[in-house]
4 protein chains.
Amino acid sequence: MITHGKAGRPRDQRATGTILRAALALGEELGFDGVTIEGIAARAGVGKTTIYRRWPNAWAVVMDAFLEDVTRIAPVQDRATARESFIVSMKLVAKSFRGRHGKILRPLIGRAQIDENLRKAMTERWLMPRRQRSREIVRRAIGAGELRKGLEPDVVLDALYGPLYHRLLVPYGEVKLTDGYVESLVNMVFDGLEPR
Amino acid sequence: MITHGKAGRPRDQRATGTILRAALALGEELGFDGVTIEGIAARAGVGKTTIYRRWPNAWAVVMDAFLEDVTRIAPVQDRATARESFIVSMKLVAKSFRGRHGKILRPLIGRAQIDENLRKAMTERWLMPRRQRSREIVRRAIGAGELRKGLEPDVVLDALYGPLYHRLLVPYGEVKLTDGYVESLVNMVFDGLEPR
Amino acid sequence: MITHGKAGRPRDQRATGTILRAALALGEELGFDGVTIEGIAARAGVGKTTIYRRWPNAWAVVMDAFLEDVTRIAPVQDRATARESFIVSMKLVAKSFRGRHGKILRPLIGRAQIDENLRKAMTERWLMPRRQRSREIVRRAIGAGELRKGLEPDVVLDALYGPLYHRLLVPYGEVKLTDGYVESLVNMVFDGLEPR
Amino acid sequence: MITHGKAGRPRDQRATGTILRAALALGEELGFDGVTIEGIAARAGVGKTTIYRRWPNAWAVVMDAFLEDVTRIAPVQDRATARESFIVSMKLVAKSFRGRHGKILRPLIGRAQIDENLRKAMTERWLMPRRQRSREIVRRAIGAGELRKGLEPDVVLDALYGPLYHRLLVPYGEVKLTDGYVESLVNMVFDGLEPR
DNA sequence: GTATAAACGAGACGGTACGTCAGGTCTTTCT
DNA sequence: AGAAAGACCTGACGTACCGTCTCGTTTATAC
């Protein structure tokens with residue numbers, strides 16, 4: 001009497017989408033700490049159990065809603081030179097930080113400081129893949145002689161992307177993530193601080 | 001008949017300390033999202049009103065408890081050269097991130113993404129003063145010819161400190177904030193990525 | 001092409017029995033208010049729909065399980081005199097109250113105070129038939145001169161059986177339904193309270 | 001430092017009353033199994049905790065609401081003879097069964113079959129006191145020669161009151177608790193079933 | 001030295017959301 | 001077409017904290 005995982009009513013795929021959209025809408029209206037399982041359920045016209053069957057808590061829903069479309073926004077760009085690749089890629093990232101995604105991302109990374117599962121999801125489904133491809137660009141540029149031999153790709157990437165996240169997350173003033181900022185940042189890191 | 005704010009029983013100064021210590025203890029035991037006004041009150045043997053009279057919510061208590069001793073930990077160091085100053089200062093910061101303060105700081109910065117008052121407190125009472133002094137070091141180094149003319153101090157500081165906070169907050173892997181990392185990071189940024 | 005009520009898979013008759021047994025078992029383990037359609041289904045290894053196809057709710061299942069065997073337990077006894085008939089019959093009833101059936105009957109009558117369908121089922125399938133036969137015994141005894149003329153059979157039966165149910169259901173102390181109690185009760189009612 | 005059970009804000013006595021009244025009102029509107037802590041709280045304009053602080057569940061509230069005024073309704077009456085005392089007392093009981101209290105009492109006794117605390121409350125706060133006084137009447141009547149020597153008061157009371165509860169709780173037909181019924185019942189029990 | 005005033009601990013108050021359970025219905029696949 | 005499995009929406013459960021509000025008590029300044 002083998003029931004090979006097919007018995008029973010299948011999960012309603014439309015419900016999943018409705019829930020994700022409701023979560024984002026609520027977050028944008030009330031702020032993401034105001035997102036509540038009960039709120040999502042009411043907004044999506046869905047029972048609470050239907051949500052709990054898919055996610056363990058409200059933040060996990062928001063994270064999924066975010067990851068759903070973040071991947072196609074701001075993908076890592078590959079250009080002729082590393083310098084150019086990073087300027088283009090990072091301008092895309094800065095743009096998404098300035099816009100709708102920044103509004104979601106800040107609370108999400110914030111919450112991830114406390115919620116280990118959230119942290120893991122963010123790492124595996126978003127950041128690691130980006131890192132991978134970026135590391136490749138650095139390695140190729142080293143091989144091609146564009147970048148100094150002996151550089152550690154991860155340190156390089158920290159030096160480039162670190163400041164972006166720093167400005168997003170760490171509140172030391174009112175500085176903005178403009179395209180100009182990205183350009184002068186990348187150039188500065190490529191050229192070094194000292195006079196030649 | 002003006003009673004110039006001196007009438008009535010004065011606030012118990014010992015209670016303030018007890019509350020702060022209780023908040024930290026609870027945070028370290030349960031995680032900082034498990035810190036609750038009721039929990040602190042019970043732990044400190046204090047009424048809830050006594051806490052609400054001093055702080056608006058539990059995170060504000062934790063923030064105060066943190067700021068209380070963070071200032072004397074890892075103050076900005078000033079050495080003969082900017083490169084040296086940053087290496088020393090940032091090693092202190094890295095050390096505090098690796099230890100007890102990192103455990104508190106991560107949740108706090110996390111929560112500050114959502115709580116505007118927390119963000120403001122952190123900026124004004126901790127980050128801005130540090131920035132100020134660091135900016136001065138950069139400016140002096142430019143004047144002394146150690147650093148390239150025309151550099152914007154804030155971009156420089158982002159390039160140096162950004163990666164540190166990035167590794168603390170953004171989960172892309174298991175890299176650690178060692179002293180060696182700080183050294184190679186600072187040197188890399190000072191020297192630039194390209195071969196000379 | 002008429003398929004007159006024979007089409008499709010026939011109901012599994014064994015399932016009916018399994019369900020009834022599961023309901024009783026659960027009731028005896030958890031108390032009868034802990035009996036749940038989901039619980040019965042899980043215990044009987046049966047889908048919830050299979051139960052809903054046969055009964056409207058959990059109490060109806062329990063009622064059926066009870067009525068299944070209550071009829072053959074404690075049937076109304078007919079002896080030479082009414083007094084004897086009632087002593088024997090009521091001792092049987094008292095015995096069943098003291099035992100397993102009392103454990104089920106109390107919650108059932110309790111629930112019947114609220115659930116009109118339960119009340120109806122209990123009346124029609126259990127109590128009315130007994131009443132009928134008991135009334136006959138009373139009427140015959142009146143005709144035979146054993147009982148006073150002009151007595152209303154229903155009042156007589158209330159006076160005899162009422163105390164039994166009273167002790168079962170109404171909690172005024174710790175009195176027990178012993179055989180001795182039945183005997184002295186019946187004799188007292190037959191003889192009257194006043195000295196002759 | 002003795003805090004003699006007086007510390008803290010005292011319970012709001014008006015809330016207690018509002019809750020009890022809300023519980024009864026809901027019960028009469030929806031039926032007593034439809035009475036819910038959430039419903040009572042909403043109706044009374046009170047937080048759920050305020051109810052849970054006083055009672056463990058909805059039935060306990062209903063029981064308290066019932067007991068509140070049941071004591072002054074239908075108190076045990078004492079007349080010249082036992083026969084008269086019981087006729088008057090039981091007519092009062094029958095009347096209350098026919099009216100508002102019967103509507104509440106049936107579900108309550110019903111639920112008490114399942115809920116041991118309810119059973120206990122009903123016994124101690126309502127039934128036992130009545131029993132006590134009724135027993136006294138029986139004993140006095142025995143002493144005065146109105147009743148046969150050697151009668152057990154509890155069996156006598158069962159024979160008198162049992163039928164009343166029987167008709168209230170056990171569904172064998174549509175017989176009503178009229179004054180006439182009470183009279184013929186009491187007389188029958190006093191006189192006995194057999195012709196003299 | 002007696003008011004007056006504020007802080008204190010305790011704990012009740014009306015709320016919101018939690019995560020769970022069961023209800024009764026509906027939708028699959030299997031027999 | 002019935003059965004099992006299991007998803008669906010609904011509604012109530014009992015709990016935890018929220019931030020506010022009495023209480024009675026304590027501790028200080030002001031008159």
# chains A, B, ... in the order shown; residues from 1 in each chain; ligands from 1
$ interface_residues --of "chain F" --to "chain A" --cutoff "9 Å" --atoms "only C-alpha atoms (C1' of nucleotides)" --output "PyMOL selection string"
chain F and resi 4-10
$ closest_atom_pairs --of "chain E" --to "chain D" --cutoff "8 Å" --atoms "only C-alpha atoms (C1' of nucleotides)" --output "Markdown table"
| residue | atom | partner | partner_atom | distance |
| --- | --- | --- | --- | --- |
| E:DG9 | C1' | D:Gly8 | CA | 7.9 |
| E:DA10 | C1' | D:Gly8 | CA | 4.1 |
| E:DG11 | C1' | D:Gly8 | CA | 4.2 |
| E:DA12 | C1' | D:Arg9 | CA | 5.4 |
| E:DC13 | C1' | D:Thr50 | CA | 7.4 |
| E:DG14 | C1' | D:Gly47 | CA | 5.0 |
| E:DG15 | C1' | D:Gly47 | CA | 6.7 |
$ atom_distance --atom1 "CA of Val61 in chain A" --atom2 "C1' of DC18 in chain E"
15.9 Å
$ closest_atom_pairs --of "chain A" --to "chain B" --cutoff "6 Å" --atoms "only C-alpha atoms" --output "tab-separated table"
residue	atom	partner	partner_atom	distance
A:Arg106	CA	B:Gln113	CA	5.7
A:Pro107	CA	B:Gln113	CA	5.4
A:Gly110	CA	B:Gly110	CA	3.4
A:Arg111	CA	B:Gly110	CA	5.8
A:Gln113	CA	B:Pro107	CA	5.4
A:Ile114	CA	B:Pro107	CA	5.8
A:Thr123	CA	B:Tyr172	CA	5.0
A:Leu127	CA	B:Tyr172	CA	5.4
A:Met128	CA	B:Tyr172	CA	5.4
A:Leu147	CA	B:Glu194	CA	4.7
A:Arg148	CA	B:Pro195	CA	4.6
A:Asp158	CA	B:Pro163	CA	4.9
A:Ala159	CA	B:Pro163	CA	5.5
A:Gly162	CA	B:Pro163	CA	4.1
A:Pro163	CA	B:Gly162	CA	4.1
A:His166	CA	B:Gly162	CA	4.9
A:Pro171	CA	B:Thr123	CA	5.5
A:Tyr172	CA	B:Thr123	CA	5.0
A:Val189	CA	B:Gly192	CA	5.5
A:Phe190	CA	B:Leu193	CA	4.6
A:Asp191	CA	B:Gly192	CA	4.6
A:Gly192	CA	B:Gly192	CA	3.2
A:Leu193	CA	B:Phe190	CA	4.6
A:Glu194	CA	B:Leu147	CA	4.6
A:Pro195	CA	B:Arg148	CA	4.6
$ residues_around --residues "DG23 in chain E" --least-positions-apart "2" --cutoff "12 Å" --atoms "only C-alpha atoms (C1' of nucleotides)" --output "PyMOL selection string"
(chain C and resi 36-38+48+52+56-58) or (chain E and resi 21+25) or (chain F and resi 9-12)
$ write_last_selection --atoms "N, CA and C atoms (P, O5', C5', C4', C3', O3' and C1' of nucleotides)" --output "mmCIF file, in the first residue's frame"
data_model
loop_
_atom_site.group_PDB
_atom_site.id
_atom_site.type_symbol
_atom_site.label_atom_id
_atom_site.label_comp_id
_atom_site.auth_asym_id
_atom_site.auth_seq_id
_atom_site.Cartn_x
_atom_site.Cartn_y
_atom_site.Cartn_z
ATOM 1 N N THR C 36 -12.733 13.386 19.349
ATOM 2 C CA THR C 36 -12.630 14.314 18.249
ATOM 3 C C THR C 36 -12.725 13.546 16.935
ATOM 4 N N ILE C 37 -13.334 14.121 15.943
ATOM 5 C CA ILE C 37 -13.393 13.419 14.662
ATOM 6 C C ILE C 37 -11.982 13.109 14.175
ATOM 7 N N GLU C 38 -11.098 14.078 14.305
ATOM 8 C CA GLU C 38 -9.733 13.858 13.854
ATOM 9 C C GLU C 38 -9.061 12.749 14.653
ATOM 10 N N LYS C 48 -11.203 11.403 7.497
ATOM 11 C CA LYS C 48 -12.268 12.120 8.193
ATOM 12 C C LYS C 48 -13.586 12.020 7.430
ATOM 13 N N TYR C 52 -17.545 11.479 8.446
ATOM 14 C CA TYR C 52 -18.599 12.468 8.173
ATOM 15 C C TYR C 52 -19.676 11.909 7.249
ATOM 16 N N PRO C 56 -22.840 12.998 11.828
ATOM 17 C CA PRO C 56 -22.669 14.446 11.685
ATOM 18 C C PRO C 56 -21.592 15.024 12.595
ATOM 19 N N ASN C 57 -21.301 14.390 13.708
ATOM 20 C CA ASN C 57 -20.264 14.913 14.604
ATOM 21 C C ASN C 57 -19.813 13.833 15.584
ATOM 22 N N ALA C 58 -18.828 14.164 16.373
ATOM 23 C CA ALA C 58 -18.188 13.158 17.219
ATOM 24 C C ALA C 58 -19.142 12.559 18.248
ATOM 25 P P DC E 21 -1.235 21.149 18.366
ATOM 26 O "O5'" DC E 21 -2.830 21.136 18.372
ATOM 27 C "C5'" DC E 21 -3.505 21.520 19.556
ATOM 28 C "C4'" DC E 21 -4.984 21.643 19.236
ATOM 29 C "C3'" DC E 21 -5.514 20.525 18.340
ATOM 30 O "O3'" DC E 21 -6.649 19.985 18.983
ATOM 31 C "C1'" DC E 21 -6.176 22.638 17.507
ATOM 32 P P DT E 25 -19.690 20.222 6.325
ATOM 33 O "O5'" DT E 25 -18.670 20.729 5.207
ATOM 34 C "C5'" DT E 25 -18.472 22.133 5.056
ATOM 35 C "C4'" DT E 25 -17.437 22.364 3.972
ATOM 36 C "C3'" DT E 25 -17.704 21.605 2.676
ATOM 37 O "O3'" DT E 25 -17.586 22.558 1.617
ATOM 38 C "C1'" DT E 25 -15.482 21.237 3.393
ATOM 39 P P DC F 9 -7.352 29.150 2.351
ATOM 40 O "O5'" DC F 9 -8.696 29.179 3.205
ATOM 41 C "C5'" DC F 9 -9.923 29.449 2.534
ATOM 42 C "C4'" DC F 9 -11.035 29.554 3.562
ATOM 43 C "C3'" DC F 9 -10.862 30.725 4.541
ATOM 44 O "O3'" DC F 9 -12.143 31.307 4.757
ATOM 45 C "C1'" DC F 9 -10.964 28.688 5.740
ATOM 46 P P DT F 10 -12.325 32.583 5.674
ATOM 47 O "O5'" DT F 10 -12.782 31.948 7.057
ATOM 48 C "C5'" DT F 10 -13.837 31.005 7.079
ATOM 49 C "C4'" DT F 10 -14.075 30.534 8.490
ATOM 50 C "C3'" DT F 10 -13.912 31.611 9.562
ATOM 51 O "O3'" DT F 10 -15.147 31.716 10.247
ATOM 52 C "C1'" DT F 10 -12.775 29.596 10.175
ATOM 53 P P DG F 11 -15.441 32.912 11.256
ATOM 54 O "O5'" DG F 11 -15.022 32.265 12.635
ATOM 55 C "C5'" DG F 11 -15.790 31.195 13.144
ATOM 56 C "C4'" DG F 11 -15.114 30.678 14.393
ATOM 57 C "C3'" DG F 11 -14.723 31.795 15.359
ATOM 58 O "O3'" DG F 11 -14.911 31.293 16.662
ATOM 59 C "C1'" DG F 11 -12.865 30.509 14.888
ATOM 60 P P DA F 12 -15.560 32.239 17.755
ATOM 61 O "O5'" DA F 12 -14.904 31.685 19.097
ATOM 62 C "C5'" DA F 12 -15.074 30.327 19.441
ATOM 63 C "C4'" DA F 12 -13.775 29.773 20.006
ATOM 64 C "C3'" DA F 12 -13.166 30.626 21.118
ATOM 65 O "O3'" DA F 12 -13.434 29.945 22.353
ATOM 66 C "C1'" DA F 12 -11.521 29.752 19.568
#
$ atom_distance --atom1 "CA of Ser85 in chain C" --atom2 "CA of Pro153 in chain C"
14.6 Å
$ atom_distance --atom1 "CA of Arg100 in chain D" --atom2 "CA of Leu20 in chain D"
15.5 Å
$ closest_residue --among "C:Ala23, C:Leu67, C:Val35, C:Ala74" --to "Phe86 in chain C" --atoms "only C-alpha atoms"
C:Ala74
